[in-house]
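The file work-v4.csv contains CSV, C-alpha atoms:
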chain,number,residue,atom,x,y,z
A,1,SER,CA,22.0,58.3,130.8
A,2,PHE,CA,24.8,59.9,132.9
A,3,THR,CA,24.7,60.5,136.6
A,4,VAL,CA,24.9,64.2,137.3
A,5,ASP,CA,28.1,65.3,139.0
A,6,GLU,CA,27.6,68.6,140.8
A,7,GLY,CA,31.0,69.7,139.7
A,8,ARG,CA,30.5,68.9,136.1
A,9,TYR,CA,28.6,70.7,133.3
A,10,ALA,CA,27.4,68.8,130.2
A,11,PHE,CA,26.8,70.1,126.7
A,12,VAL,CA,25.7,68.6,123.4
A,13,VAL,CA,28.2,69.7,120.7
A,14,GLU,CA,28.3,69.1,116.9
A,15,TRP,CA,31.2,68.7,114.7
A,16,PHE,CA,30.8,68.7,110.9
A,17,ASP,CA,32.9,65.9,109.5
A,18,PRO,CA,34.0,67.2,106.0
A,19,GLN,CA,35.0,63.8,104.7
A,20,ALA,CA,31.7,62.0,105.5
A,21,SER,CA,29.7,65.3,105.0
A,22,ILE,CA,27.7,64.7,108.2
A,23,ALA,CA,27.3,66.5,111.5
A,24,ARG,CA,28.6,64.3,114.4
A,25,LYS,CA,27.2,64.8,117.9
A,26,TYR,CA,29.2,64.5,121.2
A,27,ASN,CA,28.7,65.2,124.8
A,28,LEU,CA,31.3,67.7,126.0
A,29,PHE,CA,31.8,67.7,129.8
A,30,TYR,CA,33.5,70.5,131.7
A,31,PHE,CA,34.8,69.7,135.2
A,32,LEU,CA,34.9,72.7,137.6
A,33,VAL,CA,37.3,71.2,140.1
A,34,ASP,CA,40.3,71.3,137.7
A,35,SER,CA,38.9,72.9,134.5
A,36,THR,CA,39.3,69.7,132.5
A,37,ILE,CA,37.2,68.5,129.6
A,38,GLU,CA,36.0,65.2,128.3
A,39,MET,CA,34.1,64.2,125.2
A,40,PHE,CA,31.8,61.3,124.6
A,41,ASP,CA,30.6,60.1,121.1
A,42,ILE,CA,26.8,59.9,121.4
A,43,LYS,CA,26.2,57.6,118.4
A,44,ALA,CA,29.1,55.2,119.0
A,45,ARG,CA,28.5,55.4,122.8
A,46,LYS,CA,32.1,55.6,123.7
A,47,THR,CA,34.6,58.0,125.0
A,48,PHE,CA,36.0,60.2,122.2
A,49,LEU,CA,38.4,62.3,124.3
A,50,LYS,CA,39.6,61.2,127.7
A,51,ARG,CA,39.4,63.7,130.5
A,52,CYS,CA,42.3,66.2,130.0
A,53,VAL,CA,43.5,69.7,130.8
A,54,TYR,CA,42.6,72.0,127.9
A,55,PRO,CA,43.4,75.6,128.9
A,56,SER,CA,42.0,77.3,125.9
A,57,ILE,CA,38.4,76.3,126.8
A,58,GLN,CA,36.9,78.0,129.9
A,59,LEU,CA,33.4,77.6,131.2
A,60,SER,CA,32.7,81.2,130.0
A,61,ASP,CA,33.3,79.9,126.4
A,62,LEU,CA,30.5,77.4,126.6
A,63,TYR,CA,26.9,78.6,125.8
A,64,ILE,CA,24.3,77.7,123.3
A,65,GLY,CA,25.6,78.8,119.8
A,66,ALA,CA,29.2,79.0,120.9
A,67,GLN,CA,31.9,77.6,118.7
A,68,VAL,CA,35.1,76.2,120.3
A,69,THR,CA,38.1,74.4,119.0
A,70,VAL,CA,39.1,71.0,120.4
A,71,TYR,CA,42.3,69.7,118.9
A,72,ALA,CA,41.8,71.4,115.5
A,73,ARG,CA,38.1,70.4,115.4
A,74,GLN,CA,35.7,73.3,115.6
A,75,VAL,CA,32.6,72.2,117.5
A,76,LYS,CA,29.4,74.1,118.1
A,77,VAL,CA,27.5,74.0,121.3
A,78,VAL,CA,23.9,73.1,120.4
A,79,ALA,CA,22.2,72.2,123.7
A,80,PHE,CA,22.6,71.7,127.4
A,81,ALA,CA,23.0,67.9,128.0
A,82,ASP,CA,21.3,67.6,131.4
A,83,ASP,CA,18.8,69.4,133.7
A,84,PHE,CA,21.5,70.4,136.1
A,85,THR,CA,23.5,72.2,133.5
A,86,LYS,CA,20.4,73.8,132.0
A,87,SER,CA,19.1,75.0,135.4
A,88,ARG,CA,22.5,76.5,136.4
A,89,LEU,CA,23.5,78.0,133.1
A,90,GLU,CA,20.4,78.9,131.2
A,91,VAL,CA,20.0,82.3,132.9
A,92,ALA,CA,23.7,82.7,133.5
A,93,LYS,CA,24.3,82.2,129.8
A,94,GLY,CA,21.2,84.1,128.7
A,95,ARG,CA,21.5,85.8,125.4
A,96,THR,CA,20.2,89.1,124.1
A,97,VAL,CA,20.4,90.9,120.8
A,98,ILE,CA,21.2,94.6,120.5
A,99,VAL,CA,20.9,96.6,117.3
A,100,ILE,CA,23.0,99.8,116.9
A,101,LYS,CA,20.9,102.1,114.8
A,102,PRO,CA,22.2,104.0,111.8
A,103,GLU,CA,22.7,107.2,113.7
A,104,ALA,CA,24.8,105.4,116.4
A,105,VAL,CA,27.0,103.2,114.2
A,106,SER,CA,29.9,105.6,114.6
A,107,ASN,CA,29.7,104.9,118.4
A,108,THR,CA,30.1,101.1,117.8
A,109,GLY,CA,33.5,101.0,119.5
A,110,ARG,CA,32.2,102.8,122.6
A,111,ILE,CA,29.1,100.6,122.8
A,112,LEU,CA,31.2,97.4,122.5
A,113,ASP,CA,33.5,98.7,125.2
A,114,VAL,CA,30.6,99.1,127.6
A,115,ILE,CA,29.4,95.5,126.9
A,116,CYS,CA,33.0,94.2,127.4
A,117,GLY,CA,33.2,96.2,130.6
A,118,TYR,CA,30.5,94.0,132.1
A,119,LYS,CA,32.4,90.9,131.1
A,120,TYR,CA,29.7,89.9,128.7
A,121,THR,CA,30.6,87.8,125.7
A,122,VAL,CA,29.9,89.0,122.1
A,123,SER,CA,28.9,85.8,120.3
A,124,ARG,CA,27.8,87.3,117.0
A,125,LEU,CA,28.3,90.6,115.3
A,126,LYS,CA,27.5,91.8,111.8
A,127,MET,CA,27.1,95.2,110.1
A,128,MET,CA,24.2,95.0,107.6
A,129,GLN,CA,21.7,97.0,105.6
A,130,LEU,CA,18.1,96.0,106.0
A,131,THR,CA,15.3,96.3,103.5
A,132,LEU,CA,11.9,97.7,104.6
A,133,GLN,CA,10.5,94.2,104.6
A,134,GLN,CA,13.4,92.9,106.7
A,135,ALA,CA,12.9,95.7,109.2
A,136,GLN,CA,9.2,94.8,109.5
A,137,GLN,CA,10.2,91.2,110.1
A,138,PHE,CA,12.6,92.4,112.9
A,139,TYR,CA,10.0,94.5,114.6
A,140,GLY,CA,7.1,92.1,113.9
A,141,ASP,CA,5.2,95.0,112.3
A,142,LYS,CA,2.4,94.1,109.8
A,143,GLN,CA,2.8,97.5,107.9
A,144,PRO,CA,5.9,99.6,107.1
A,145,THR,CA,6.1,101.9,110.2
A,146,GLY,CA,8.2,105.0,110.9
A,147,ARG,CA,10.5,102.9,113.1
A,148,CYS,CA,11.0,100.4,110.2
A,149,GLN,CA,11.9,103.2,107.8
A,150,GLU,CA,14.3,104.7,110.4
A,151,LEU,CA,16.1,101.3,110.7
A,152,CYS,CA,16.6,101.2,106.9
A,153,LYS,CA,18.1,104.6,106.4
A,154,GLY,CA,21.7,103.4,106.7
A,155,CYS,CA,23.8,100.5,108.0
A,156,ILE,CA,23.1,99.0,111.4
A,157,VAL,CA,25.3,96.7,113.5
A,158,ALA,CA,23.6,93.7,115.1
A,159,VAL,CA,25.3,92.2,118.1
A,160,GLU,CA,24.4,89.1,120.1
A,161,VAL,CA,25.5,89.3,123.7
A,162,VAL,CA,25.7,86.4,126.2
A,163,GLY,CA,25.9,86.8,130.0
A,164,PRO,CA,24.0,86.8,133.2
A,165,ASP,CA,21.2,89.4,133.4
A,166,SER,CA,22.6,90.9,130.1
A,167,GLN,CA,19.1,91.7,128.9
A,168,GLN,CA,18.0,93.8,131.8
A,169,LYS,CA,21.3,95.5,132.3
A,170,LEU,CA,21.6,96.5,128.6
A,171,LYS,CA,18.0,97.7,128.6
A,172,ASP,CA,18.6,99.9,131.5
A,173,LEU,CA,21.8,101.4,129.9
A,174,ALA,CA,19.9,101.9,126.6
A,175,SER,CA,17.3,104.0,128.4
A,176,ASP,CA,19.9,106.1,130.2
A,177,GLN,CA,20.3,109.5,128.4
A,178,LYS,CA,23.9,109.8,129.6
A,179,SER,CA,25.0,106.3,128.5
A,180,SER,CA,26.9,105.7,125.3
A,181,MET,CA,24.3,102.9,124.7
A,182,ASN,CA,21.4,105.4,124.7
A,183,GLY,CA,19.1,104.8,121.7
A,184,VAL,CA,20.5,101.2,121.1
A,185,LEU,CA,17.7,98.6,120.6
A,186,VAL,CA,17.8,95.7,123.1
A,187,SER,CA,15.7,92.5,123.0
A,188,SER,CA,12.7,92.9,125.3
A,189,THR,CA,12.5,89.2,126.3
A,190,GLU,CA,14.4,85.9,125.7
A,191,GLN,CA,11.8,84.9,123.2
A,192,ALA,CA,12.3,88.2,121.3
A,193,ALA,CA,16.1,87.6,121.4
A,194,ASN,CA,15.6,84.2,119.7
A,195,SER,CA,13.3,85.6,117.1
A,196,GLU,CA,15.7,88.6,116.4
A,197,HIS,CA,18.7,86.2,116.3
A,198,ASN,CA,16.9,84.2,113.5
A,199,VAL,CA,15.9,87.4,111.5
A,200,LEU,CA,19.4,89.0,111.7
A,201,PHE,CA,21.9,86.2,111.9
A,202,GLU,CA,20.3,83.2,110.1
A,203,ASN,CA,18.9,85.1,107.1
A,204,ASN,CA,21.0,84.8,103.9
A,205,GLN,CA,18.9,87.4,102.2
A,206,ILE,CA,20.3,90.3,104.3
A,207,SER,CA,22.9,92.0,102.1
A,208,SER,CA,26.4,92.7,103.2
A,209,THR,CA,27.6,96.3,103.3
A,210,ALA,CA,31.0,95.4,101.8
A,211,GLN,CA,32.1,97.6,98.9
A,212,PHE,CA,34.9,95.5,97.4
A,213,GLN,CA,36.6,98.7,95.9
A,214,ASN,CA,39.4,100.9,97.3
A,215,VAL,CA,39.4,98.7,100.5
A,216,THR,CA,41.8,97.2,102.9
A,217,VAL,CA,41.0,94.5,105.6
A,218,CYS,CA,41.7,94.5,109.3
A,219,VAL,CA,41.0,91.4,111.4
A,220,ILE,CA,40.8,91.7,115.2
A,221,LYS,CA,42.4,88.5,116.5
A,222,PRO,CA,40.9,86.0,119.0
A,223,HIS,CA,43.2,87.0,121.9
A,224,ALA,CA,42.1,90.7,121.6
A,225,ILE,CA,38.4,89.7,121.5
A,226,ALA,CA,39.0,87.4,124.6
A,227,GLN,CA,40.7,90.3,126.4
A,228,GLY,CA,37.8,92.6,125.8
A,229,LEU,CA,39.7,94.9,123.5
A,230,THR,CA,37.3,94.9,120.5
A,231,GLY,CA,35.6,98.1,121.3
A,232,ARG,CA,38.8,100.0,122.0
A,233,ILE,CA,40.4,98.8,118.7
A,234,ILE,CA,37.3,99.9,116.7
A,235,GLU,CA,37.2,103.2,118.5
A,236,SER,CA,41.0,103.7,117.7
A,237,ILE,CA,40.3,102.9,114.0
A,238,ILE,CA,37.4,105.4,113.8
A,239,ASN,CA,39.3,108.1,115.7
A,240,GLY,CA,42.2,107.5,113.3
A,241,GLY,CA,39.9,108.8,110.5
A,242,TRP,CA,39.2,105.4,108.9
A,243,GLU,CA,35.8,104.4,107.6
A,244,ILE,CA,34.6,100.9,108.4
A,245,SER,CA,32.3,99.8,105.5
A,246,ALA,CA,31.7,96.1,106.6
A,247,MET,CA,32.2,94.2,109.8
A,248,GLU,CA,31.4,90.6,110.8
A,249,MET,CA,32.5,88.1,113.5
A,250,PHE,CA,33.8,84.8,112.1
A,251,TYR,CA,34.8,81.4,113.7
A,252,LEU,CA,37.6,80.1,111.3
A,253,ASP,CA,38.2,76.4,111.4
A,254,ARG,CA,41.7,75.1,110.8
A,255,ASN,CA,41.2,74.8,107.0
A,256,ALA,CA,39.9,78.3,106.7
A,257,SER,CA,42.7,79.7,108.8
A,258,GLU,CA,45.3,77.9,106.7
A,259,GLU,CA,43.6,79.1,103.5
A,260,PHE,CA,43.5,82.8,104.7
A,261,LEU,CA,47.1,82.8,105.9
A,262,GLU,CA,48.5,80.7,103.0
A,263,VAL,CA,50.5,83.7,101.6
A,264,TYR,CA,52.6,83.6,104.8
A,265,LYS,CA,53.3,79.9,104.8
A,266,SER,CA,56.9,80.0,103.5
A,267,VAL,CA,57.5,83.6,104.6
A,268,VAL,CA,56.7,83.9,108.3
A,269,PRO,CA,58.4,81.6,110.8
A,270,GLU,CA,55.3,81.9,113.1
A,271,TYR,CA,52.9,80.6,110.3
A,272,ASN,CA,51.8,77.5,112.3
A,273,ALA,CA,51.3,79.4,115.5
A,274,LEU,CA,49.3,82.0,113.6
A,275,VAL,CA,47.0,79.3,112.1
A,276,GLU,CA,46.6,77.8,115.7
A,277,HIS,CA,45.7,81.3,117.0
A,278,PHE,CA,43.2,82.1,114.3
A,279,ASN,CA,41.6,78.7,114.9
A,280,SER,CA,41.4,79.3,118.7
A,281,GLY,CA,38.3,81.5,118.9
A,282,PRO,CA,36.2,84.2,117.1
A,283,CYS,CA,37.8,86.9,115.1
A,284,LEU,CA,36.2,90.1,113.8
A,285,ALA,CA,36.8,91.1,110.1
A,286,LEU,CA,36.5,94.7,109.1
A,287,GLU,CA,36.5,96.1,105.6
A,288,ILE,CA,37.9,99.6,105.6
A,289,VAL,CA,37.2,101.9,102.7
A,290,SER,CA,39.3,104.8,101.6
A,291,SER,CA,39.6,107.3,98.7
A,292,SER,CA,43.4,107.1,98.9
A,293,PRO,CA,45.1,104.9,96.3
A,294,ASP,CA,47.7,104.0,99.1
A,295,ALA,CA,45.0,102.9,101.6
A,296,VAL,CA,46.6,99.4,102.2
A,297,GLN,CA,50.0,100.8,102.9
A,298,GLN,CA,48.7,103.7,105.0
A,299,PHE,CA,46.5,101.3,107.1
A,300,ARG,CA,49.5,99.0,107.6
A,301,GLU,CA,51.5,101.9,109.0
A,302,PHE,CA,48.5,102.7,111.3
A,303,CYS,CA,48.6,99.1,112.6
A,304,GLY,CA,52.4,99.3,113.2
A,305,PRO,CA,55.2,96.7,113.0
A,306,ALA,CA,54.2,93.0,113.4
A,307,ASP,CA,56.2,92.7,116.6
A,308,PRO,CA,54.4,94.8,119.4
A,309,GLU,CA,57.7,95.2,121.3
A,310,ILE,CA,59.3,96.9,118.3
A,311,ALA,CA,56.1,98.8,117.7
A,312,ARG,CA,56.1,100.2,121.3
A,313,HIS,CA,59.7,101.5,120.7
A,314,ILE,CA,59.4,103.1,117.3
A,315,ARG,CA,55.6,103.5,116.7
A,316,PRO,CA,54.0,103.8,120.2
A,317,ASN,CA,50.6,105.0,119.0
A,318,THR,CA,49.9,102.2,116.5
A,319,LEU,CA,47.3,99.5,117.1
A,320,ARG,CA,49.9,96.7,117.7
A,321,ALA,CA,51.9,98.9,120.1
A,322,LEU,CA,48.7,99.7,122.1
A,323,TYR,CA,47.0,96.3,122.1
A,324,GLY,CA,49.5,93.6,121.0
A,325,VAL,CA,51.3,91.1,123.3
A,326,SER,CA,53.5,89.0,120.9
A,327,LYS,CA,54.2,88.6,117.2
A,328,VAL,CA,51.4,86.0,117.0
A,329,LYS,CA,49.0,87.8,119.4
A,330,ASN,CA,49.6,91.3,117.9
A,331,ALA,CA,46.0,92.4,118.2
A,332,VAL,CA,45.2,92.7,114.4
A,333,HIS,CA,46.0,91.3,111.0
A,334,CYS,CA,45.9,93.8,108.2
A,335,THR,CA,46.2,93.5,104.4
A,336,ASP,CA,49.9,93.5,103.4
A,337,LEU,CA,49.8,94.0,99.6
A,338,PRO,CA,47.8,96.6,97.7
A,339,GLU,CA,46.4,93.9,95.3
A,340,ASP,CA,45.1,91.8,98.2
A,341,GLY,CA,42.7,94.4,99.7
A,342,VAL,CA,39.8,93.3,97.6
A,343,LEU,CA,40.7,89.6,97.7
A,344,GLU,CA,40.8,89.6,101.5
A,345,SER,CA,37.5,91.5,101.6
A,346,GLU,CA,35.9,89.0,99.2
A,347,TYR,CA,37.3,86.1,101.3
A,348,PHE,CA,35.2,87.3,104.3
A,349,PHE,CA,32.3,89.2,102.9
A,350,SER,CA,31.3,87.8,99.5
What is this structure when it is put down as structure tokens?
Amino acid sequence: SFTVDEGRYAFVVEWFDPQASIARKYNLFYFLVDSTIEMFDIKARKTFLKRCVYPSIQLSDLYIGAQVTVYARQVKVVAFADDFTKSRLEVAKGRTVIVIKPEAVSNTGRILDVICGYKYTVSRLKMMQLTLQQAQQFYGDKQPTGRCQELCKGCIVAVEVVGPDSQQKLKDLASDQKSSMNGVLVSSTEQAANSEHNVLFENNQISSTAQFQNVTVCVIKPHAIAQGLTGRIIESIINGGWEISAMEMFYLDRNASEEFLEVYKSVVPEYNALVEHFNSGPCLALEIVSSSPDAVQQFREFCGPADPEIARHIRPNTLRALYGVSKVKNAVHCTDLPEDGVLESEYFFS
């Protein structure tokens, strides 16, 4: 066992080794004094990664269920590795689940903006359609009740939020008539949050809301999520007259990032940097449905030129002009070719 260093937090992380088809477990240490990390192979009982500076991982990225990338390996935080870390971070990294009910789904952008404003982390997000039975499971009701039927009358958006005192703060906001979060369901206790997490995020039976017809795809990139821009981008899309028909947060590993971006491999000089960026943190995929046959082209124009600097000069009101910082970190990916709209949607949602 390790001696507890008061300036060091310890986590148990898992990495799925695709060649051996097994999940390998490591201790990941985060040193507060210089923001360095170290990894220790639990089974082999030896250092896997020597202590080093790794700027893309911050303490705020480490909580139960988080997925982070360490040198192209995507690892999942599955537990606190010692009592010190558990006692310090369990409350600070407490999670809660909120459900945006059908009548409030058009406010999703504003609701996420409120959450980001408190510097809370959105760790999971998914638009879904519940059956009556699934709504009963969510509420723990033995019979179909009015509230179950209300939850099934349209799409809902389930969001898992991580952060200190997030449960109480979000409950207070949800009960405030003047708040944009009014009417949103918030976990009543940590135990309820765990149960709701399992019902909403670990249940393969819940159907996707994707339509796979007359659609284009927008992916909010990791840097924009890390900067707290998710809500504003969604709000801009809805205010632009677009209809979001499916939405889910994904953590793409290197293989998945390469596969998704393959069409750009020999075309875009920033291809490798794009893959690295998609692999650096969560992204949010949106399926956007439109009655227009030119939806892909029109939404591309709405996103603006790939280079945000150029976008700010010639298309200042586009998503990339407003939220992008560089050609790689340009806030959003969007479908480029009309025939790829359905393919990209199927890639994420089928």
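Nearest-residue note for Glu346 of chain A: choosing from A:Ala285, A:Val263, A:Val275, A:Ala295, the minimum distance belongs to A:Ala285, counting only C-alpha atoms.
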What lies within 8 Å of Val78 of chain A using only C-alpha atoms, ignoring chain neighbours under 6 positions off, as a VMD selection string? chain A and resid 11 to 14 64 to 66
Which residue out of A:Ala104, A:Ser207, A:Val161, A:Asp172 has the minimum interatomic distance to Leu130 of chain A when all atoms listed in the file are used? A:Ser207
Interatomic distance, atom CA of Gly324 of chain A to atom CA of Ala224 of chain A (Å, one decimal):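 Rounded to one decimal, the two atoms are 8.0 Å apart.
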Skipping near chain neighbours, those fewer than 3 positions away, what residues fall within 8 Å of Leu112 of chain A using only C-alpha atoms, listed as a ChimeraX atom specification? /A:108-109,115-116,230-231
How far is it from atom CA of Asn279 of chain A to atom CA of Tyr251 of chain A, in Å with one decimal?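 According to the coordinates, atom CA of Asn279 of chain A and atom CA of Tyr251 of chain A are separated by 7.4 Å.
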How close does segment 266-336 of chain A get to segment 53-63 of chain A? List, as a tab-separated table, each residue of segment 266-336 of chain A within 12 Å, its nearest atom pair and the distance in Å to one decimal, counting only C-alpha atoms.
residue	atom	partner	partner_atom	distance
A:Glu276	CA	A:Ser56	CA	11.2
A:His277	CA	A:Ser56	CA	10.4
A:Asn279	CA	A:Ser56	CA	11.1
A:Ser280	CA	A:Ser56	CA	7.5
A:Gly281	CA	A:Ser56	CA	9.0
A:Pro282	CA	A:Asp61	CA	10.6
Please dump the current selection as a PDB file, keeping the file's coordinate frame; keep C-alpha atoms.
ATOM      1  CA  GLU A 276      46.600  77.800 115.700  1.00  0.00           C
ATOM      2  CA  HIS A 277      45.700  81.300 117.000  1.00  0.00           C
ATOM      3  CA  ASN A 279      41.600  78.700 114.900  1.00  0.00           C
ATOM      4  CA  SER A 280      41.400  79.300 118.700  1.00  0.00           C
ATOM      5  CA  GLY A 281      38.300  81.500 118.900  1.00  0.00           C
ATOM      6  CA  PRO A 282      36.200  84.200 117.100  1.00  0.00           C
TER       7      PRO A 282
END
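The spacing separating atom CA of His333 of chain A from atom CA of Pro316 of chain A amounts to 17.5 Å.
Residues in contact with Phe212 of chain A at up to 10 Å, not including ones fewer than 6 positions away on its chain and judged by all atoms listed in the file, are Ser245, Ala246, Glu287, Ile288, Val289, Gly341, Val342, Leu343, Glu344, Ser345, Glu346, Phe349 and Ser350 of chain A.
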Set the distance at 8 Å and use only C-alpha atoms: which residues neighbour Pro144 of chain A once local chain neighbours fewer than 4 positions away are removed? I'd like the list as a VMD selection string. chain A and resid 132 to 133 136 148 to 149
Report as a list of chain:residue names all protein, DNA and RNA residues lying within 7 Å of segment 98-100 of chain A, evaluated on all atoms listed in the file, omitting residues in the same chain fewer than 6 positions from it.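 So, after excluding close chain neighbours, the residues are A:Ile156, A:Val157, A:Ala158, A:Val159, A:Glu160, A:Val184, A:Leu185, A:Val186, A:Ser187.
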Nearest to Asn214 of chain A among A:Arg95, A:Ile314, A:Pro338, A:Pro305, with distances taken over only C-alpha atoms: which residue is it? A:Pro338
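With all atoms listed in the file as the atoms that count, the residue of A:Phe302, A:Phe348, A:Trp15, A:Tyr118 with the shortest distance to Gln74 of chain A is A:Trp15.
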